[in-house]
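Engineer: Sharing a structure, written as structure tokens. Questions coming.
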Amino acid sequence: MAELAPQQPAVNERSSTAARWIVQIVGGLLILGLTTIFAWKMYDESQVLVLDGLVPDFTLPLFDGSEVTLSELKGQVVVVNFWASWCIPCRDEAPFLERAWRKYRDQGVMFIGVDYLDTDKDAQAFLAEFEVSYPNGPDIGTKIAKQYHLTGVPETYFIANDGRLGDMEIGPLTEERLIQAIEKLLNE
């Protein structure tokens with residue numbers, strides 16, 4: 001039996017494969033370039049939160065039907081916590097956020113919970129489960145999250161009594177970190 005020699009791909013097959021690769025690379029670079037330009041145009045340096053810079057004001061409609069406006073809390077230290085009922089680390093934070101609220105509320109510290117991308121039913125079940133008593137409300141249209149350049153939940157912002165950003169924690173918070181940030185702002 002005669003051995004068959006391996007067949008070489010036809011020139012047309014090779015050039016077709018090369019052309020597909022070139023189209024994919026050029027397409028990928030084009031998409032990357034357009035995405036970069038779009039992100040750059042959307043980036044507004046004046047809106048970036050910086051330590052010791054003033055934070056954006058907001059009015060949050062609360063689950064109890066009232067509302068809270070951040071600028072009306074000037075003179076108090078404010079802890080703004082972005083959370084969601086579906087967020088696992090938020091479940092870990094809820095008990096010690098409530099403990100800290102109860103400990104510091106008579107010392108000029110206000111807590112505000114901003115519920116992110118959640119249903120009212122799930123959010124209110126979460127608040128009831130953890131017996132959260134500080135003001136909480138939904139971020140309708142993610143308007144506040146956009147102002148604060150939220151990257152996900154949980155995120156916590158510590159606002160000094162003069163309205164500037166004193167500290168922040170992007171991601172899960174520990175009870176020790178929470179107390180340390182509050183104490184620092186109270187002692188300024």
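Identifiers for the structure tokens are assigned positionally: chains receive A, B, ... in sequence, residues are indexed from 1 per chain, and ligands are indexed from 1 in the order shown.
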Could you build a table of the residues in range 121-184 of chain A lying no more than 10 Å from range 95-113 of chain A, giving for each the nearest pair of atoms and their separation in Å rounded to one decimal place, using only C-alpha atoms, ordered by chain and ascending residue number, as JSON lines?

Structural biologist:
```
{"residue": "A:Leu127", "atom": "CA", "partner": "A:Gly113", "partner_atom": "CA", "distance": 9.9}
{"residue": "A:Glu129", "atom": "CA", "partner": "A:Pro95", "partner_atom": "CA", "distance": 9.8}
{"residue": "A:Phe130", "atom": "CA", "partner": "A:Pro95", "partner_atom": "CA", "distance": 6.2}
{"residue": "A:Glu131", "atom": "CA", "partner": "A:Glu98", "partner_atom": "CA", "distance": 7.8}
{"residue": "A:Val132", "atom": "CA", "partner": "A:Glu98", "partner_atom": "CA", "distance": 5.8}
{"residue": "A:Ser133", "atom": "CA", "partner": "A:Glu98", "partner_atom": "CA", "distance": 7.1}
{"residue": "A:Tyr134", "atom": "CA", "partner": "A:Phe111", "partner_atom": "CA", "distance": 6.0}
{"residue": "A:Pro135", "atom": "CA", "partner": "A:Ile112", "partner_atom": "CA", "distance": 5.3}
{"residue": "A:Asn136", "atom": "CA", "partner": "A:Gly113", "partner_atom": "CA", "distance": 4.3}
{"residue": "A:Gly137", "atom": "CA", "partner": "A:Gly113", "partner_atom": "CA", "distance": 6.5}
{"residue": "A:Pro138", "atom": "CA", "partner": "A:Gly113", "partner_atom": "CA", "distance": 8.5}
{"residue": "A:Asp139", "atom": "CA", "partner": "A:Gly113", "partner_atom": "CA", "distance": 9.6}
{"residue": "A:Thr156", "atom": "CA", "partner": "A:Gly113", "partner_atom": "CA", "distance": 9.3}
{"residue": "A:Tyr157", "atom": "CA", "partner": "A:Ile112", "partner_atom": "CA", "distance": 9.9}
{"residue": "A:Phe158", "atom": "CA", "partner": "A:Phe111", "partner_atom": "CA", "distance": 9.4}
{"residue": "A:Ile159", "atom": "CA", "partner": "A:Met110", "partner_atom": "CA", "distance": 9.7}
{"residue": "A:Ala160", "atom": "CA", "partner": "A:Val109", "partner_atom": "CA", "distance": 9.6}
{"residue": "A:Asn161", "atom": "CA", "partner": "A:Gly108", "partner_atom": "CA", "distance": 8.8}
{"residue": "A:Leu173", "atom": "CA", "partner": "A:Leu97", "partner_atom": "CA", "distance": 9.4}
{"residue": "A:Thr174", "atom": "CA", "partner": "A:Phe96", "partner_atom": "CA", "distance": 8.4}
{"residue": "A:Glu175", "atom": "CA", "partner": "A:Phe96", "partner_atom": "CA", "distance": 6.0}
{"residue": "A:Glu176", "atom": "CA", "partner": "A:Phe96", "partner_atom": "CA", "distance": 9.5}
{"residue": "A:Leu178", "atom": "CA", "partner": "A:Leu97", "partner_atom": "CA", "distance": 8.0}
{"residue": "A:Ile179", "atom": "CA", "partner": "A:Ala100", "partner_atom": "CA", "distance": 7.3}
{"residue": "A:Ile182", "atom": "CA", "partner": "A:Val109", "partner_atom": "CA", "distance": 8.0}
{"residue": "A:Glu183", "atom": "CA", "partner": "A:Tyr104", "partner_atom": "CA", "distance": 9.5}
```

Engineer: Have a look at CA of Ile140 in chain A and CA of Cys90 in chain A and let me know their distance in Å, one decimal.

Structural biologist: 19.0 Å

Engineer: Determine which residues of range 102-139 of chain A DSSP labels as alpha helix (DSSP H) from the backbone of this structure, then write them out as a PyMOL selection string.

Structural biologist: chain A and resi 102-104+120-129
